[in-house]
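A.B. asks: Before I ask anything, let me first share the structure, which is written out below as structure tokens.
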Amino acid sequence: MSTALRVAAAPAPPPPADDRPAATAQRFARIDQVRGFAATIVVLCHMAVSAYDGAPNVGPEPLPWLGQLLGFGYLGVPLFFVVSGFCIHWPEARARETRAVLPAPDWGEFFQRRFWRLYPPYVAALAGAVVLLRFANGAWPVAAGPLLAELALVHTLDVRTFLGANPPGWTLAVEAQLYLAYPIVFLLTRRLGPWRGLGAILAATMAYRIVLATAPLPPEQTQIGWELFLGRWFEWTAGAFVAEWAAGSVRLPGWLASWWLVAPLMLLAVYVGEWHFWHWGVFVVREPVYGAVFALLLLAVLARPPARRPSRLARWLGGVGLWSYSLYLVHRPIQLAFEPLARRLAASPFVLAHGLPSSLLLFAATTPLVFGVARLFYRWCEEPALRKARGIGRAAA
């Protein structure tokens, strides 16, 4: 099993046929842990957004360093893109190693699986967000037109509808675009090989980002242009490249999976990307650099030797990873629904007299509720859709 998970300087044979299920189970246990981590830091980031910006306390901010620290949780988004590329491309990458002749993909089945896996929970969460925010705020969160755009996953094409009723849904619209572009990634990888395919996508991404930064476009078009799939394509494809390595199609030197390399690179990328991103060159390369660094992070996670018994934190993150999509869908509407209450508490005489950080305390106290609702949502909404997706075409095998 270890040969499927360890980066080697020299080529190594794939694991025996009877060891592949165990290797795959170990690999996706790690993937679930990464997904659980990414979803958790996004939730904490949005908790800080509500506590420090959406419904802040009156007067000086309590623990300003904490708000800044939690704000880095938005980096869970590029990490999600990398993991998504890995998961989508993994069946193709492994099939290439196990079969001499590959059949042409059934793209109809692929898109059906993606639809049933993701869209019904998305619609259910969006409907719940509209009803919940209507009750909490006494008004509809969005008009009918923007809501229809959000249902069609085209709301990111206009700055006026970008965030919608469920703000994190913008990343799912980008994911839908990346799924539509996956046949191109597939063909480039199969025709040119993993390295050249990745290079072609990087060239396309950088060319698009340079044009976007230099072309005299209206500000609103430039703003939404950064979040079209072309601007984030390399991040997703970097995850697909890691899937090629995990399947044995790509050999990489062992030092690339060293935490002594990955950790400093992550700190450097975050420092430059967050404190110097207004420089033109940094702004253009920031997301592709995050994609490369998070691909190395995923590489290091998968290359670790299997633990005899995962730690309690690893088991918890793995559990959250199983229903991380549900957590991503439902967390923000719940937080937004508590903002009116947080504003009233922040303005109360008792809180003002004692200088209590009521907003931070409220959103921290309701975070376990967010996780509980997400788990129930997974059971009643996401899991049935997942079973439906698994029953389509080759997924049933």
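Ordered as shown in the structure tokens, chains take letters A, B, and onward, while each chain numbers its residues from 1 and ligands are numbered from 1 in the order shown.
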Each residue of stretch 284-327 of chain A lying at most 12 Å from stretch 111-122 of chain A should get a row with its shortest atom-to-atom pair and the distance in Å to one decimal, counting only C-alpha atoms; could you produce that, ordered by chain and increasing number, as JSON lines?
C.D. replies:
```
{"residue": "A:Trp323", "atom": "CA", "partner": "A:Pro121", "partner_atom": "CA", "distance": 11.5}
{"residue": "A:Tyr325", "atom": "CA", "partner": "A:Leu118", "partner_atom": "CA", "distance": 8.5}
{"residue": "A:Ser326", "atom": "CA", "partner": "A:Pro121", "partner_atom": "CA", "distance": 7.6}
{"residue": "A:Leu327", "atom": "CA", "partner": "A:Pro121", "partner_atom": "CA", "distance": 11.0}
```
A.B. asks: Go ahead and save the residues from that selection, with C-alpha atoms, as a PDB file, in the first residue's frame.
C.D. replies:
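Okay, this is what ended up in again38.pdb:
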```pdb
ATOM      1  CA  TRP A 323     -20.213  16.062   4.649  1.00  0.00           C
ATOM      2  CA  TYR A 325     -20.176  19.948   0.842  1.00  0.00           C
ATOM      3  CA  SER A 326     -23.250  20.198   3.075  1.00  0.00           C
ATOM      4  CA  LEU A 327     -21.308  22.318   5.558  1.00  0.00           C
TER       5      LEU A 327
END
```
A.B. asks: Select, from A:Leu265, A:Leu329, A:Leu212, A:Ile392, the residue with the minimum atom-to-atom distance to A:Trp107, counting only C-alpha atoms.
C.D. replies: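 Of all the options, A:Ile392 lies closest to A:Trp107.
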A.B. asks: Write out as JSON, numbers by chain which residues come within 8 Å of stretch 296-310 of chain A when counting only C-alpha atoms, dropping same-chain ones fewer than 3 positions away.
C.D. replies: {"A": [2, 5, 6, 7, 26, 27, 30, 31, 34, 83, 242, 256, 257, 258, 259, 262, 292, 293, 314, 315]}
A.B. asks: Which residue, A:Gly36, A:Pro62, A:Gly169, A:Gly254, has the smallest gap to A:Ala48 when you use only C-alpha atoms?
C.D. replies: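 Smallest distance to A:Ala48 is found for A:Pro62.
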A.B. asks: Please, which residues in stretch 31-137 of chain A fall within 7 Å of stretch 353-359 of chain A when counting only C-alpha atoms, and what is the closest atom pair and distance in Å to one decimal for each, ordered by chain then residue number, as a Markdown table?
C.D. replies:
```
| residue | atom | partner | partner_atom | distance |
| --- | --- | --- | --- | --- |
| A:Ala51 | CA | A:Ser359 | CA | 5.0 |
| A:Ala55 | CA | A:Ser359 | CA | 6.7 |
| A:Pro56 | CA | A:Ser359 | CA | 5.9 |
| A:Asn57 | CA | A:Ser359 | CA | 6.0 |
| A:Pro62 | CA | A:Pro357 | CA | 5.9 |
```
A.B. asks: Please dump the current selection as a PDB file, in the first residue's frame; keep C-alpha atoms.
C.D. replies:
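So part.pdb came out as:
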```
ATOM      1  CA  ALA A  51     -18.574  39.128  14.035  1.00  0.00           C
ATOM      2  CA  ALA A  55     -22.703  42.681  12.888  1.00  0.00           C
ATOM      3  CA  PRO A  56     -19.731  44.065  14.848  1.00  0.00           C
ATOM      4  CA  ASN A  57     -19.647  45.409  18.367  1.00  0.00           C
ATOM      5  CA  PRO A  62     -12.322  42.868  20.416  1.00  0.00           C
TER       6      PRO A  62
END
```
A.B. asks: For A:Pro368, which residue among A:Thr222, A:Glu382, A:His331, A:Phe81 is the nearest when counting only C-alpha atoms?
C.D. replies: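 With only C-alpha atoms as the atom set, the closest residue is A:His331.
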A.B. asks: Tell me which of A:His155, A:Arg375, A:Arg191, A:Arg134 sits closest to A:Val330, counting only C-alpha atoms.
C.D. replies: A:Arg375
A.B. asks: As a PyMOL selection string, please: the residues near A:Ala181 (cut-off 12 Å, only C-alpha atoms, same-chain neighbours under 4 positions excluded).
C.D. replies: chain A and resi 85+88+107+111+174-177+185-188+201+228-230+232-234+236-237
A.B. asks: Work out how far apart atom CA of A:Trp316 and atom CA of A:Thr40 are and give it in Å to one decimal.
C.D. replies: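 Between these atoms lies a distance of 10.9 Å.
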A.B. asks: What's the separation between atom CA of A:Val370 and atom CA of A:Leu44, in Å to one decimal place?
C.D. replies: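 Computing the Euclidean distance for atom CA of A:Val370 and atom CA of A:Leu44 yields 10.8 Å.
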A.B. asks: Give me the residues within 6 Å of stretch 76-80 of chain A as number ranges by chain, counting only C-alpha atoms and dropping any in the same chain fewer than 2 places off.
C.D. replies: A: 38, 42, 73-74, 82-84, 294
A.B. asks: Measure the distance from atom CA of A:Glu244 to atom CA of A:Phe28 in Å and round it to one decimal.
C.D. replies: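 So the answer is 14.6 Å.
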A.B. asks: For A:Val142, please output as an NGL selection string all residues within 12 Å (counting only C-alpha atoms; exclusion window: fewer than 2 positions along the same chain).
C.D. replies: :A and (126-127 or 129-131 or 133-134 or 137 or 139-140 or 144-150 or 155 or 160-167)
A.B. asks: Write the residues of the selection above to a file with N, CA and C atoms, as a PDB file, in the first residue's frame.
C.D. replies:
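The result, stored in result-v4.pdb:
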```
ATOM      1  N   LEU A 126     -30.207  26.501  -1.241  1.00  0.00           N
ATOM      2  CA  LEU A 126     -30.592  27.841  -1.677  1.00  0.00           C
ATOM      3  C   LEU A 126     -32.016  28.166  -1.249  1.00  0.00           C
ATOM      4  N   ALA A 127     -32.917  27.200  -1.390  1.00  0.00           N
ATOM      5  CA  ALA A 127     -34.297  27.421  -0.939  1.00  0.00           C
ATOM      6  C   ALA A 127     -34.343  27.654   0.566  1.00  0.00           C
ATOM      7  N   ALA A 129     -31.950  28.868   2.389  1.00  0.00           N
ATOM      8  CA  ALA A 129     -31.356  30.176   2.666  1.00  0.00           C
ATOM      9  C   ALA A 129     -32.364  31.297   2.448  1.00  0.00           C
ATOM     10  N   VAL A 130     -33.131  31.215   1.355  1.00  0.00           N
ATOM     11  CA  VAL A 130     -34.124  32.254   1.069  1.00  0.00           C
ATOM     12  C   VAL A 130     -35.175  32.318   2.172  1.00  0.00           C
ATOM     13  N   VAL A 131     -35.679  31.153   2.568  1.00  0.00           N
ATOM     14  CA  VAL A 131     -36.721  31.128   3.607  1.00  0.00           C
ATOM     15  C   VAL A 131     -36.154  31.598   4.942  1.00  0.00           C
ATOM     16  N   LEU A 133     -33.521  33.537   5.636  1.00  0.00           N
ATOM     17  CA  LEU A 133     -33.176  34.961   5.658  1.00  0.00           C
ATOM     18  C   LEU A 133     -34.421  35.831   5.547  1.00  0.00           C
ATOM     19  N   ARG A 134     -35.462  35.344   4.869  1.00  0.00           N
ATOM     20  CA  ARG A 134     -36.731  36.083   4.848  1.00  0.00           C
ATOM     21  C   ARG A 134     -37.312  36.172   6.250  1.00  0.00           C
ATOM     22  N   ASN A 137     -34.721  38.501   8.532  1.00  0.00           N
ATOM     23  CA  ASN A 137     -34.594  39.919   8.199  1.00  0.00           C
ATOM     24  C   ASN A 137     -35.907  40.603   7.896  1.00  0.00           C
ATOM     25  N   ALA A 139     -37.450  40.470   5.114  1.00  0.00           N
ATOM     26  CA  ALA A 139     -37.490  40.838   3.693  1.00  0.00           C
ATOM     27  C   ALA A 139     -36.795  39.743   2.897  1.00  0.00           C
ATOM     28  N   TRP A 140     -37.145  39.664   1.629  1.00  0.00           N
ATOM     29  CA  TRP A 140     -36.509  38.676   0.775  1.00  0.00           C
ATOM     30  C   TRP A 140     -35.046  39.044   0.554  1.00  0.00           C
ATOM     31  N   ALA A 144     -36.371  38.204  -7.644  1.00  0.00           N
ATOM     32  CA  ALA A 144     -36.628  36.982  -8.412  1.00  0.00           C
ATOM     33  C   ALA A 144     -35.579  36.772  -9.499  1.00  0.00           C
ATOM     34  N   GLY A 145     -35.201  37.829 -10.200  1.00  0.00           N
ATOM     35  CA  GLY A 145     -34.225  37.701 -11.275  1.00  0.00           C
ATOM     36  C   GLY A 145     -32.875  37.179 -10.800  1.00  0.00           C
ATOM     37  N   PRO A 146     -32.261  37.824  -9.796  1.00  0.00           N
ATOM     38  CA  PRO A 146     -30.997  37.295  -9.267  1.00  0.00           C
ATOM     39  C   PRO A 146     -31.124  35.880  -8.709  1.00  0.00           C
ATOM     40  N   LEU A 147     -32.289  35.550  -8.133  1.00  0.00           N
ATOM     41  CA  LEU A 147     -32.469  34.195  -7.610  1.00  0.00           C
ATOM     42  C   LEU A 147     -32.474  33.174  -8.745  1.00  0.00           C
ATOM     43  N   LEU A 148     -33.125  33.520  -9.856  1.00  0.00           N
ATOM     44  CA  LEU A 148     -33.108  32.613 -11.009  1.00  0.00           C
ATOM     45  C   LEU A 148     -31.696  32.454 -11.563  1.00  0.00           C
ATOM     46  N   ALA A 149     -30.933  33.543 -11.571  1.00  0.00           N
ATOM     47  CA  ALA A 149     -29.544  33.460 -12.031  1.00  0.00           C
ATOM     48  C   ALA A 149     -28.729  32.556 -11.117  1.00  0.00           C
ATOM     49  N   GLU A 150     -29.011  32.646  -9.824  1.00  0.00           N
ATOM     50  CA  GLU A 150     -28.298  31.787  -8.873  1.00  0.00           C
ATOM     51  C   GLU A 150     -28.699  30.330  -9.053  1.00  0.00           C
ATOM     52  N   HIS A 155     -24.905  33.354 -11.826  1.00  0.00           N
ATOM     53  CA  HIS A 155     -24.930  34.606 -11.081  1.00  0.00           C
ATOM     54  C   HIS A 155     -23.563  35.259 -10.966  1.00  0.00           C
ATOM     55  N   ARG A 160     -23.842  42.433  -9.919  1.00  0.00           N
ATOM     56  CA  ARG A 160     -25.048  42.702  -9.138  1.00  0.00           C
ATOM     57  C   ARG A 160     -25.665  41.434  -8.565  1.00  0.00           C
ATOM     58  N   THR A 161     -25.329  40.293  -9.123  1.00  0.00           N
ATOM     59  CA  THR A 161     -25.894  39.030  -8.642  1.00  0.00           C
ATOM     60  C   THR A 161     -24.822  38.085  -8.114  1.00  0.00           C
ATOM     61  N   PHE A 162     -23.593  38.544  -8.019  1.00  0.00           N
ATOM     62  CA  PHE A 162     -22.464  37.666  -7.755  1.00  0.00           C
ATOM     63  C   PHE A 162     -22.638  36.867  -6.459  1.00  0.00           C
ATOM     64  N   LEU A 163     -22.978  37.531  -5.371  1.00  0.00           N
ATOM     65  CA  LEU A 163     -23.060  36.848  -4.075  1.00  0.00           C
ATOM     66  C   LEU A 163     -24.379  36.117  -3.887  1.00  0.00           C
ATOM     67  N   GLY A 164     -25.488  36.696  -4.299  1.00  0.00           N
ATOM     68  CA  GLY A 164     -26.771  36.009  -4.235  1.00  0.00           C
ATOM     69  C   GLY A 164     -27.265  35.801  -2.815  1.00  0.00           C
ATOM     70  N   ALA A 165     -28.241  34.893  -2.680  1.00  0.00           N
ATOM     71  CA  ALA A 165     -28.827  34.609  -1.373  1.00  0.00           C
ATOM     72  C   ALA A 165     -27.913  33.762  -0.515  1.00  0.00           C
ATOM     73  N   ASN A 166     -27.078  32.941  -1.145  1.00  0.00           N
ATOM     74  CA  ASN A 166     -26.134  32.092  -0.424  1.00  0.00           C
ATOM     75  C   ASN A 166     -24.732  32.426  -0.936  1.00  0.00           C
ATOM     76  N   PRO A 167     -24.038  33.388  -0.326  1.00  0.00           N
ATOM     77  CA  PRO A 167     -22.800  33.927  -0.896  1.00  0.00           C
ATOM     78  C   PRO A 167     -21.748  32.901  -1.303  1.00  0.00           C
TER      79      PRO A 167
END
```
A.B. asks: Mind checking DSSP for stretch 80-315 of chain A and telling me the alpha helix (DSSP H) residues as a PyMOL selection string?
C.D. replies: chain A and resi 80-98+107-137+144-151+169-192+194-214+219-225+229-247+259-275+280-303+312-315
A.B. asks: Return the single residue from A:Gln68, A:Ala246, A:His276, A:Gly231 that is closest to A:Tyr208, with distances computed using only C-alpha atoms.
C.D. replies: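 Using only C-alpha atoms, the shortest distance to A:Tyr208 belongs to A:Gly231.
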